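Novice: Handing over my_file_6.txt, compact mmCIF, C-alpha atoms (C1' of nucleotides).
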```
# COMPACT_ATOMS: atom_id res chain seq x y z
CA MET A 1 14.58 -1.03 36.86
CA ALA A 2 14.51 2.22 34.97
CA SER A 3 11.31 3.11 33.18
CA THR A 4 13.16 3.67 29.94
CA GLN A 5 15.27 0.99 28.32
CA ILE A 6 17.14 1.24 25.10
CA ALA A 7 17.33 -2.10 23.35
CA THR A 8 20.81 -3.24 22.32
CA PRO A 9 20.90 -4.65 18.79
CA GLN A 10 21.83 -8.30 18.29
CA PRO A 11 24.34 -9.48 15.70
CA ALA A 12 22.86 -10.71 12.43
CA GLU A 13 23.58 -14.39 13.00
CA VAL A 14 21.80 -14.34 16.36
CA ARG A 15 18.81 -12.64 14.80
CA LYS A 16 18.61 -15.20 12.06
CA GLN A 17 18.70 -18.03 14.55
CA THR A 18 16.09 -16.32 16.70
CA ILE A 19 13.77 -16.06 13.72
CA LEU A 20 14.15 -19.71 12.81
CA GLN A 21 13.76 -20.83 16.40
CA ARG A 22 10.60 -18.81 16.83
CA LEU A 23 9.13 -20.25 13.66
CA ALA A 24 9.82 -23.75 14.97
CA GLU A 25 8.30 -22.92 18.35
CA HIS A 26 5.13 -21.88 16.63
CA GLY A 27 4.95 -25.13 14.73
CA TYR A 28 6.15 -23.88 11.36
CA ARG A 29 8.50 -25.94 9.27
CA LEU A 30 12.13 -25.03 8.84
CA THR A 31 12.79 -24.86 5.14
CA ALA A 32 15.73 -23.63 3.10
CA THR A 33 13.55 -20.84 1.74
CA ARG A 34 12.68 -19.60 5.20
CA ALA A 35 16.31 -19.74 6.24
CA ALA A 36 17.21 -17.57 3.26
CA ILE A 37 14.49 -15.08 4.11
CA ALA A 38 15.53 -15.04 7.76
CA ALA A 39 19.14 -14.40 6.75
CA ALA A 40 18.13 -11.56 4.47
CA ILE A 41 16.06 -9.94 7.19
CA ALA A 42 18.73 -10.44 9.84
CA ALA A 43 21.36 -8.87 7.59
CA ARG A 44 19.42 -5.64 7.20
CA PRO A 45 20.62 -2.98 9.61
CA ALA A 46 17.29 -1.30 10.25
CA GLN A 47 13.96 -0.92 8.55
CA PHE A 48 13.28 -2.30 5.14
CA THR A 49 10.37 -2.59 2.75
CA ALA A 50 8.76 -5.71 1.37
CA ARG A 51 9.85 -4.57 -2.04
CA GLU A 52 13.53 -4.48 -1.12
CA LEU A 53 13.35 -7.95 0.32
CA VAL A 54 11.54 -9.30 -2.74
CA GLU A 55 14.16 -7.80 -5.03
CA GLU A 56 17.00 -9.18 -2.95
CA LEU A 57 15.56 -12.67 -2.92
CA GLU A 58 14.31 -12.87 -6.50
CA PRO A 59 17.71 -13.96 -7.92
CA GLN A 60 17.58 -16.88 -5.49
CA ARG A 61 14.28 -17.95 -7.08
CA ILE A 62 12.18 -17.04 -4.09
CA GLY A 63 8.78 -15.80 -5.16
CA ARG A 64 6.96 -12.64 -4.20
CA ALA A 65 4.13 -14.50 -2.55
CA THR A 66 6.51 -16.47 -0.35
CA VAL A 67 8.24 -13.33 0.88
CA PHE A 68 4.95 -11.69 1.73
CA ARG A 69 3.77 -14.83 3.49
CA ALA A 70 6.94 -14.93 5.56
CA LEU A 71 6.64 -11.27 6.48
CA ASP A 72 3.06 -11.74 7.62
CA LEU A 73 4.09 -14.74 9.66
CA LEU A 74 6.88 -12.87 11.39
CA VAL A 75 4.68 -9.89 12.14
CA GLN A 76 2.15 -12.28 13.65
CA ILE A 77 4.78 -13.97 15.80
CA GLY A 78 5.98 -10.56 16.91
CA LEU A 79 9.49 -10.63 15.48
CA LEU A 80 8.82 -7.97 12.92
CA GLU A 81 6.85 -4.81 13.25
CA ARG A 82 5.26 -2.67 10.61
CA LEU A 83 6.30 0.96 10.62
CA HIS A 84 4.21 3.66 9.05
CA GLY A 85 6.37 6.19 7.32
CA ASP A 86 4.50 9.12 5.83
CA LEU A 87 5.49 8.50 2.24
CA SER A 88 5.98 4.94 1.19
CA CYS A 89 3.27 2.92 2.75
CA HIS A 90 4.74 0.56 5.30
CA SER A 91 8.13 -0.80 6.05
CA TYR A 92 9.22 -3.49 8.46
CA THR A 93 11.71 -3.62 11.26
CA TYR A 94 13.12 -6.50 13.25
CA CYS A 95 12.37 -6.09 16.94
CA ALA A 96 11.91 -7.77 20.26
CA PRO A 97 8.42 -9.07 20.94
CA GLU A 98 7.63 -6.95 24.00
CA HIS A 99 5.64 -3.78 23.66
CA HIS A 100 7.88 -0.86 22.78
CA HIS A 101 8.27 2.17 20.57
CA HIS A 102 10.62 3.34 17.87
CA LEU A 103 13.10 6.13 17.39
CA VAL A 104 13.47 6.39 13.62
CA CYS A 105 16.45 8.31 12.25
CA THR A 106 15.42 10.22 9.15
CA SER A 107 19.03 10.55 8.10
CA CYS A 108 20.37 6.98 8.16
CA GLY A 109 17.09 5.08 8.47
CA GLY A 110 18.21 3.41 11.70
CA VAL A 111 15.55 2.26 14.15
CA THR A 112 16.10 2.05 17.90
CA SER A 113 13.54 0.34 20.09
CA VAL A 114 12.71 1.79 23.47
CA VAL A 115 10.51 0.60 26.29
CA ALA A 116 9.00 3.66 27.87
CA GLY A 117 7.07 3.22 31.09
CA THR A 118 6.57 6.91 31.72
CA VAL A 119 5.12 7.60 28.32
CA GLU A 120 2.80 4.62 28.68
CA ARG A 121 1.46 6.08 31.91
CA GLU A 122 0.83 9.46 30.33
CA ILE A 123 -0.98 7.85 27.43
CA ARG A 124 -3.33 6.14 29.86
CA ASN A 125 -3.93 9.41 31.71
CA LEU A 126 -4.66 11.16 28.47
CA ALA A 127 -7.17 8.54 27.37
CA ARG A 128 -8.90 8.59 30.74
CA GLN A 129 -9.39 12.35 30.55
CA ALA A 130 -11.18 11.87 27.23
CA ASN A 131 -13.29 8.98 28.60
CA PHE A 132 -11.60 6.77 26.07
CA ARG A 133 -10.69 3.15 26.78
CA PRO A 134 -7.27 2.59 25.22
CA VAL A 135 -6.47 -0.83 23.82
CA THR A 136 -3.25 -0.27 21.96
CA HIS A 137 -1.19 2.57 20.57
CA HIS A 138 1.61 3.41 18.21
CA ILE A 139 4.35 5.88 18.99
CA GLU A 140 6.98 6.66 16.41
CA ILE A 141 9.52 9.38 17.00
CA TYR A 142 11.34 10.76 13.97
CA GLY A 143 14.58 12.70 14.24
CA THR A 144 18.34 12.32 14.14
CA CYS A 145 20.31 9.64 15.91
CA GLN A 146 23.53 10.31 17.78
CA ALA A 147 25.82 9.14 14.98
CA CYS A 148 24.10 11.27 12.36
CA GLN A 149 24.14 14.32 14.61
CA ALA A 150 27.91 13.98 14.79
CA THR A 151 28.48 13.71 11.05
CA ASN A 152 26.34 16.71 10.11
CA MET B 153 -4.24 26.18 30.58
CA ALA B 154 -4.53 22.47 31.06
CA SER B 155 -1.93 20.32 29.37
CA THR B 156 -4.57 18.15 27.76
CA GLN B 157 -7.23 19.59 25.50
CA ILE B 158 -9.91 17.75 23.67
CA ALA B 159 -10.70 19.45 20.39
CA THR B 160 -14.34 20.36 19.79
CA PRO B 161 -15.55 19.49 16.29
CA GLN B 162 -16.72 22.28 13.99
CA PRO B 163 -19.98 22.12 12.01
CA ALA B 164 -19.64 20.92 8.44
CA GLU B 165 -20.34 24.26 6.79
CA VAL B 166 -17.59 25.95 8.80
CA ARG B 167 -15.16 23.21 7.87
CA LYS B 168 -15.97 23.54 4.21
CA GLN B 169 -15.40 27.31 4.32
CA THR B 170 -12.15 26.80 6.23
CA ILE B 171 -10.89 24.44 3.56
CA LEU B 172 -11.72 26.83 0.72
CA GLN B 173 -10.28 29.79 2.57
CA ARG B 174 -7.04 27.96 3.24
CA LEU B 175 -6.71 26.95 -0.38
CA ALA B 176 -7.12 30.59 -1.41
CA GLU B 177 -4.58 31.73 1.18
CA HIS B 178 -2.07 29.36 -0.33
CA GLY B 179 -2.68 30.77 -3.80
CA TYR B 180 -4.78 27.94 -5.16
CA ARG B 181 -7.78 28.64 -7.34
CA LEU B 182 -11.31 28.29 -6.08
CA THR B 183 -13.14 26.05 -8.50
CA ALA B 184 -16.51 24.37 -8.43
CA THR B 185 -14.74 21.02 -8.29
CA ARG B 186 -12.76 21.95 -5.22
CA ALA B 187 -15.87 23.30 -3.54
CA ALA B 188 -17.57 19.95 -4.13
CA ILE B 189 -14.60 18.05 -2.72
CA ALA B 190 -14.42 20.37 0.27
CA ALA B 191 -18.12 19.86 0.94
CA ALA B 192 -17.75 16.09 0.74
CA ILE B 193 -14.84 16.11 3.16
CA ALA B 194 -16.55 18.50 5.54
CA ALA B 195 -19.66 16.34 5.62
CA ARG B 196 -17.79 13.26 6.79
CA PRO B 197 -18.02 12.73 10.54
CA ALA B 198 -14.61 11.19 11.12
CA GLN B 199 -11.94 9.45 9.14
CA PHE B 200 -12.48 8.43 5.56
CA THR B 201 -10.51 6.78 2.80
CA ALA B 202 -9.59 8.18 -0.58
CA ARG B 203 -11.67 5.44 -2.09
CA GLU B 204 -14.85 6.49 -0.30
CA LEU B 205 -14.40 10.05 -1.43
CA VAL B 206 -13.75 9.01 -5.01
CA GLU B 207 -16.88 6.88 -5.06
CA GLU B 208 -18.98 9.65 -3.56
CA LEU B 209 -17.77 12.18 -6.11
CA GLU B 210 -17.77 10.01 -9.21
CA PRO B 211 -21.47 10.56 -9.97
CA GLN B 212 -20.70 14.29 -10.03
CA ARG B 213 -18.17 13.64 -12.77
CA ILE B 214 -15.17 14.38 -10.63
CA GLY B 215 -12.22 12.24 -11.60
CA ARG B 216 -10.05 10.02 -9.44
CA ALA B 217 -6.93 12.01 -10.17
CA THR B 218 -8.57 15.25 -9.10
CA VAL B 219 -9.65 13.80 -5.77
CA PHE B 220 -6.16 12.49 -5.06
CA ARG B 221 -4.63 15.81 -6.04
CA ALA B 222 -6.99 17.63 -3.67
CA LEU B 223 -6.22 15.24 -0.83
CA ASP B 224 -2.49 15.72 -1.28
CA LEU B 225 -2.97 19.46 -1.35
CA LEU B 226 -4.96 19.46 1.87
CA VAL B 227 -2.49 17.22 3.65
CA GLN B 228 0.27 19.60 2.59
CA ILE B 229 -1.63 22.62 3.86
CA GLY B 230 -2.24 20.79 7.11
CA LEU B 231 -6.02 20.55 7.01
CA LEU B 232 -6.06 16.82 6.56
CA GLU B 233 -3.94 14.23 8.21
CA ARG B 234 -3.13 10.73 7.11
CA LEU B 235 -3.89 8.02 9.63
CA HIS B 236 -2.20 4.65 9.53
CA GLY B 237 -4.57 1.88 10.43
CA ASP B 238 -2.91 -1.51 10.59
CA LEU B 239 -4.96 -3.10 7.87
CA SER B 240 -6.11 -0.85 5.08
CA CYS B 241 -3.26 1.40 4.26
CA HIS B 242 -4.12 4.97 5.04
CA SER B 243 -7.19 6.98 5.69
CA TYR B 244 -7.63 10.69 6.13
CA THR B 245 -9.11 12.83 8.84
CA TYR B 246 -9.98 16.49 8.93
CA CYS B 247 -8.13 18.26 11.69
CA ALA B 248 -6.87 21.53 13.03
CA PRO B 249 -3.39 22.47 11.86
CA GLU B 250 -1.72 22.55 15.28
CA HIS B 251 0.30 19.60 16.47
CA HIS B 252 -1.88 17.00 18.16
CA HIS B 253 -2.61 13.31 18.43
CA HIS B 254 -5.52 11.01 17.74
CA LEU B 255 -7.78 8.76 19.74
CA VAL B 256 -9.17 6.34 17.18
CA CYS B 257 -12.23 4.31 18.11
CA THR B 258 -11.95 0.83 16.62
CA SER B 259 -15.67 0.30 17.02
CA CYS B 260 -17.25 3.33 15.32
CA GLY B 261 -14.23 4.73 13.54
CA GLY B 262 -14.51 8.09 15.24
CA VAL B 263 -11.38 10.18 15.68
CA THR B 264 -10.85 12.63 18.51
CA SER B 265 -7.95 15.05 18.42
CA VAL B 266 -6.07 15.81 21.61
CA VAL B 267 -3.30 18.20 22.43
CA ALA B 268 -1.16 16.55 25.06
CA GLY B 269 1.54 18.61 26.71
CA THR B 270 2.51 15.98 29.27
CA VAL B 271 3.03 13.29 26.72
CA GLU B 272 5.09 15.66 24.59
CA ARG B 273 7.37 16.31 27.52
CA GLU B 274 7.87 12.61 28.18
CA ILE B 275 8.65 12.01 24.52
CA ARG B 276 11.39 14.62 24.69
CA ASN B 277 12.79 13.06 27.87
CA LEU B 278 12.79 9.67 26.26
CA ALA B 279 14.63 10.88 23.19
CA ARG B 280 17.19 12.71 25.28
CA GLN B 281 17.99 9.54 27.21
CA ALA B 282 18.75 7.81 23.92
CA ASN B 283 20.84 10.75 22.65
CA PHE B 284 18.31 11.14 19.91
CA ARG B 285 17.29 14.54 18.55
CA PRO B 286 13.54 14.35 18.01
CA VAL B 287 12.05 16.32 15.12
CA THR B 288 8.51 15.04 14.95
CA HIS B 289 6.44 12.13 16.15
CA HIS B 290 3.18 10.32 15.63
CA ILE B 291 1.02 9.02 18.42
CA GLU B 292 -2.14 7.14 17.65
CA ILE B 293 -4.17 5.56 20.41
CA TYR B 294 -6.65 2.85 19.46
CA GLY B 295 -9.48 1.78 21.70
CA THR B 296 -13.14 2.40 22.44
CA CYS B 297 -14.77 5.81 22.73
CA GLN B 298 -17.26 6.67 25.43
CA ALA B 299 -20.32 6.21 23.25
CA CYS B 300 -19.24 2.76 22.07
CA GLN B 301 -18.40 1.67 25.60
CA ALA B 302 -21.99 2.43 26.56
CA THR B 303 -23.61 0.50 23.73
CA ASN B 304 -21.58 -2.66 24.25
C1' DC C 305 -12.25 41.00 -23.13
C1' DG C 306 -8.00 38.34 -23.91
C1' DA C 307 -4.08 35.93 -22.37
C1' DT C 308 -2.14 32.54 -19.57
C1' DA C 309 -1.11 29.76 -15.89
C1' DG C 310 -3.43 26.63 -13.35
C1' DC C 311 -7.00 23.02 -13.11
C1' DT C 312 -9.65 19.10 -14.75
C1' DG C 313 -11.36 14.37 -16.46
C1' DA C 314 -10.79 10.17 -18.94
C1' DG C 315 -8.24 6.54 -19.70
C1' DA C 316 -3.84 4.29 -19.72
C1' DT C 317 -0.40 2.76 -16.80
C1' DT C 318 2.17 1.34 -12.85
C1' DG C 319 3.13 -1.40 -9.05
C1' DC C 320 2.11 -3.47 -4.56
C1' DG C 321 0.04 -7.15 -2.60
C1' DT C 322 -3.10 -11.30 -2.92
C1' DC C 323 -4.85 -15.53 -4.80
C1' DT C 324 -4.69 -19.98 -7.02
C1' DC C 325 -3.03 -24.30 -7.92
C1' DA C 326 0.03 -27.84 -9.24
C1' DA C 327 4.41 -29.42 -7.81
C1' DG C 328 7.72 -29.96 -4.24
C1' DT C 329 9.36 -30.86 0.53
C1' DC C 330 9.47 -31.63 5.52
C1' DA C 331 8.54 -34.45 9.43
C1' DA C 332 6.19 -37.98 11.75
C1' DC C 333 5.16 -42.62 11.75
C1' DC C 334 5.68 -47.13 10.76
C1' DG D 335 14.83 -46.14 5.55
C1' DG D 336 10.45 -45.80 3.18
C1' DT D 337 5.72 -43.91 3.08
C1' DT D 338 2.29 -40.72 3.83
C1' DG D 339 -0.05 -36.45 4.48
C1' DA D 340 0.06 -31.92 5.56
C1' DC D 341 2.56 -27.93 4.94
C1' DT D 342 5.21 -24.98 1.84
C1' DT D 343 6.55 -23.09 -2.46
C1' DG D 344 6.88 -20.54 -7.15
C1' DA D 345 4.87 -18.77 -11.24
C1' DG D 346 1.68 -16.24 -13.07
C1' DA D 347 -2.82 -14.22 -13.08
C1' DC D 348 -5.41 -11.00 -10.80
C1' DG D 349 -7.50 -6.90 -8.15
C1' DC D 350 -7.08 -2.61 -6.78
C1' DA D 351 -5.23 1.82 -5.26
C1' DA D 352 -2.73 5.43 -6.88
C1' DT D 353 -0.17 8.00 -10.50
C1' DC D 354 0.65 9.80 -15.08
C1' DT D 355 -0.48 11.99 -19.41
C1' DC D 356 -2.44 15.19 -22.20
C1' DA D 357 -5.84 17.75 -24.51
C1' DG D 358 -9.41 20.77 -23.28
C1' DC D 359 -11.36 23.97 -19.93
C1' DT D 360 -11.57 28.03 -16.67
C1' DA D 361 -10.35 31.25 -12.86
C1' DT D 362 -7.87 35.21 -12.40
C1' DC D 363 -5.44 39.30 -13.62
C1' DG D 364 -4.38 43.10 -16.51
```
Have the structure of the file written as structure tokens, please.
Specialist:
Amino acid sequence: MASTQIATPQPAEVRKQTILQRLAEHGYRLTATRAAIAAAIAARPAQFTARELVEELEPQRIGRATVFRALDLLVQIGLLERLHGDLSCHSYTYCAPEHHHHLVCTSCGGVTSVVAGTVEREIRNLARQANFRPVTHHIEIYGTCQACQATN
Amino acid sequence: MASTQIATPQPAEVRKQTILQRLAEHGYRLTATRAAIAAAIAARPAQFTARELVEELEPQRIGRATVFRALDLLVQIGLLERLHGDLSCHSYTYCAPEHHHHLVCTSCGGVTSVVAGTVEREIRNLARQANFRPVTHHIEIYGTCQACQATN
DNA sequence: CGATAGCTGAGATTGCGTCTCAAGTCAACC
DNA sequence: GGTTGACTTGAGACGCAATCTCAGCTATCG
């Protein structure tokens, strides 16, 4: 097994079903509202903000509070992750539950997840040299994805 | 030169002077208000929030807006950096302008800056494998610093 | 010293995110 | 197939950080 894996994105329908299944597994009820939220999240190509989701779902009479509750739930379950862009506070991205990092394209906004064993090892080395006991870490790499490199 | 360097903190007075000098270099005026803000920032041991700074400076009749303007300025110049804790949105930390990463102690809140050549290299490798052209990246490592390990 | 561009503070304003609570709905159990 | 109880929801109020505005002030330069 290579130390670096690039996650292949799932189609929207699969993602929606995954979200609903995971909610059920964790003992949450399957409601029409949650299905609508799951569909909206699954349909988004990459990262999105809470605000966007709220605006998209408002015409369907789904309240702000409900959207925020659902986002929190999904972050907790591990199906969404918060990203920390420098400008707007945080955005969310759908992702697999294992530990991984993000390649964020500043041109198209696309997010690719990678599992990076080598980097993990170096992080641990680094912390040890500073007598620091690492618990968790965030790595976000900003740049240009292959598709956007081609079009520019 | 080792690939990993742990930055040694400067005394507060030096930091304050550095801030004022940098502002002048960038063509900004040196005012009593900015000196007070610089002193307040320099006196803080580690990371701090905008709110803390505002509260500290309010009794001196320094307005909210002014503090935020100063923070933005210093981030732009590269003397402050925004950190992204998971809970409260962002906090600031004083830091040297070169590229580096942070070891954030979740117990005492202390921030240590490290320059990590090896990790940088692995990041580039990782991006190359994904056909991604990296421009910048953030690495934040959360855990327990040496002092806090001892007291627990 | 005088002019002016930059800086400042107070308060209004915006907007994200949270809280509350009554009403609605799912799911388990009979 | 009903009943029950706990979970879920929407609307609006709310709290709070951050931004905006604008009139007055001041550092800097000539």
Novice: Please identify all residues of chain B having at least one atom at most 9 Å from any atom of chain A, considering only C-alpha atoms, and return them as a count of residues only.
Specialist: 39
Novice: To one decimal place, how far is CA of Gln10 (chain A) from CA of Tyr94 (chain A) in Å?
Specialist: 10.2 Å
Novice: May I ask for the distance between CA of Ile189 (chain B) and C1' of DC320 (chain C), given in Å to one decimal place?
Specialist: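 That distance, rounded to one decimal, is 27.3 Å.
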Novice: Could you tell me which residues of chain C sit within 8 Å of chain A when counting only C-alpha atoms (C1' of nucleotides), and give me the result as number ranges by chain?
Specialist: C: 321-322, 330
Novice: Please identify every residue of chain D that has at least one atom no more than 10 Å from any atom of chain B, counting only C-alpha atoms (C1' of nucleotides), and report them as a list in words.
Specialist: DA351, DA352, DT353, DC354, DT360, DA361 and DT362 of chain D
Novice: Please indicate the distance in Å from CA of Glu81 (chain A) to CA of Gln47 (chain A), rounded to one decimal place.
Specialist: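 Computed distance, CA of Glu81 (chain A) to CA of Gln47 (chain A), equals 9.4 Å.
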Novice: If I put a ball of radius 8 Å at (21.4, -10.3, 7.8) in the file's coordinates, which residues poke into it when counting only C-alpha atoms (C1' of nucleotides), written as a count of residues only?
Specialist: 12
Novice: Would you mind completing region 107-136 of chain A so that it carries N, CA and C atoms, and writing it out as an mmCIF file, keeping the file's coordinate frame?
Specialist:
```
data_model
loop_
_atom_site.group_PDB
_atom_site.id
_atom_site.type_symbol
_atom_site.label_atom_id
_atom_site.label_comp_id
_atom_site.auth_asym_id
_atom_site.auth_seq_id
_atom_site.Cartn_x
_atom_site.Cartn_y
_atom_site.Cartn_z
ATOM 1 N N SER A 107 17.822 10.370 8.885
ATOM 2 C CA SER A 107 19.030 10.550 8.100
ATOM 3 C C SER A 107 19.575 9.209 7.618
ATOM 4 N N CYS A 108 19.773 8.266 8.558
ATOM 5 C CA CYS A 108 20.370 6.980 8.160
ATOM 6 C C CYS A 108 19.330 5.860 8.096
ATOM 7 N N GLY A 109 18.122 6.123 8.520
ATOM 8 C CA GLY A 109 17.090 5.080 8.470
ATOM 9 C C GLY A 109 17.148 4.096 9.617
ATOM 10 N N GLY A 110 18.074 4.309 10.560
ATOM 11 C CA GLY A 110 18.210 3.410 11.700
ATOM 12 C C GLY A 110 17.004 3.452 12.623
ATOM 13 N N VAL A 111 16.676 2.324 13.218
ATOM 14 C CA VAL A 111 15.550 2.260 14.150
ATOM 15 C C VAL A 111 16.042 1.755 15.494
ATOM 16 N N THR A 112 15.772 2.489 16.551
ATOM 17 C CA THR A 112 16.100 2.050 17.900
ATOM 18 C C THR A 112 14.792 1.787 18.639
ATOM 19 N N SER A 113 14.747 0.642 19.318
ATOM 20 C CA SER A 113 13.540 0.340 20.090
ATOM 21 C C SER A 113 13.702 0.831 21.509
ATOM 22 N N VAL A 114 12.669 1.380 22.065
ATOM 23 C CA VAL A 114 12.710 1.790 23.470
ATOM 24 C C VAL A 114 11.458 1.313 24.181
ATOM 25 N N VAL A 115 11.641 0.941 25.438
ATOM 26 C CA VAL A 115 10.510 0.600 26.290
ATOM 27 C C VAL A 115 10.332 1.775 27.223
ATOM 28 N N ALA A 116 9.157 2.369 27.209
ATOM 29 C CA ALA A 116 9.000 3.660 27.870
ATOM 30 C C ALA A 116 7.823 3.667 28.824
ATOM 31 N N GLY A 117 8.116 3.292 30.077
ATOM 32 C CA GLY A 117 7.070 3.220 31.090
ATOM 33 C C GLY A 117 6.382 4.542 31.345
ATOM 34 N N THR A 118 7.144 5.610 31.388
ATOM 35 C CA THR A 118 6.570 6.910 31.720
ATOM 36 C C THR A 118 5.590 7.368 30.648
ATOM 37 N N VAL A 119 5.993 7.184 29.408
ATOM 38 C CA VAL A 119 5.120 7.600 28.320
ATOM 39 C C VAL A 119 3.835 6.788 28.347
ATOM 40 N N GLU A 120 3.978 5.484 28.604
ATOM 41 C CA GLU A 120 2.800 4.620 28.680
ATOM 42 C C GLU A 120 1.793 5.178 29.690
ATOM 43 N N ARG A 121 2.328 5.582 30.841
ATOM 44 C CA ARG A 121 1.460 6.080 31.910
ATOM 45 C C ARG A 121 0.725 7.338 31.446
ATOM 46 N N GLU A 122 1.448 8.212 30.787
ATOM 47 C CA GLU A 122 0.830 9.460 30.330
ATOM 48 C C GLU A 122 -0.238 9.203 29.280
ATOM 49 N N ILE A 123 0.015 8.212 28.447
ATOM 50 C CA ILE A 123 -0.980 7.850 27.430
ATOM 51 C C ILE A 123 -2.273 7.409 28.107
ATOM 52 N N ARG A 124 -2.129 6.605 29.155
ATOM 53 C CA ARG A 124 -3.330 6.140 29.860
ATOM 54 C C ARG A 124 -4.076 7.299 30.512
ATOM 55 N N ASN A 125 -3.314 8.216 31.112
ATOM 56 C CA ASN A 125 -3.930 9.410 31.710
ATOM 57 C C ASN A 125 -4.730 10.177 30.678
ATOM 58 N N LEU A 126 -4.079 10.396 29.558
ATOM 59 C CA LEU A 126 -4.660 11.160 28.470
ATOM 60 C C LEU A 126 -5.987 10.550 28.032
ATOM 61 N N ALA A 127 -5.970 9.229 27.823
ATOM 62 C CA ALA A 127 -7.170 8.540 27.370
ATOM 63 C C ALA A 127 -8.279 8.667 28.421
ATOM 64 N N ARG A 128 -7.886 8.523 29.691
ATOM 65 C CA ARG A 128 -8.900 8.590 30.740
ATOM 66 C C ARG A 128 -9.589 9.949 30.742
ATOM 67 N N GLN A 129 -8.813 11.008 30.551
ATOM 68 C CA GLN A 129 -9.390 12.350 30.550
ATOM 69 C C GLN A 129 -10.403 12.533 29.427
ATOM 70 N N ALA A 130 -10.247 11.757 28.354
ATOM 71 C CA ALA A 130 -11.180 11.870 27.230
ATOM 72 C C ALA A 130 -12.258 10.797 27.305
ATOM 73 N N ASN A 131 -12.335 10.076 28.449
ATOM 74 C CA ASN A 131 -13.290 8.980 28.600
ATOM 75 C C ASN A 131 -13.132 7.936 27.506
ATOM 76 N N PHE A 132 -11.904 7.684 27.158
ATOM 77 C CA PHE A 132 -11.600 6.770 26.070
ATOM 78 C C PHE A 132 -10.921 5.547 26.675
ATOM 79 N N ARG A 133 -11.318 4.368 26.257
ATOM 80 C CA ARG A 133 -10.690 3.150 26.780
ATOM 81 C C ARG A 133 -9.612 2.679 25.809
ATOM 82 N N PRO A 134 -8.355 2.918 26.157
ATOM 83 C CA PRO A 134 -7.270 2.590 25.220
ATOM 84 C C PRO A 134 -7.020 1.106 25.169
ATOM 85 N N VAL A 135 -6.784 0.588 23.988
ATOM 86 C CA VAL A 135 -6.470 -0.830 23.820
ATOM 87 C C VAL A 135 -5.016 -0.977 23.395
ATOM 88 N N THR A 136 -4.643 -0.237 22.385
ATOM 89 C CA THR A 136 -3.250 -0.270 21.960
ATOM 90 C C THR A 136 -2.879 1.097 21.421
#
```
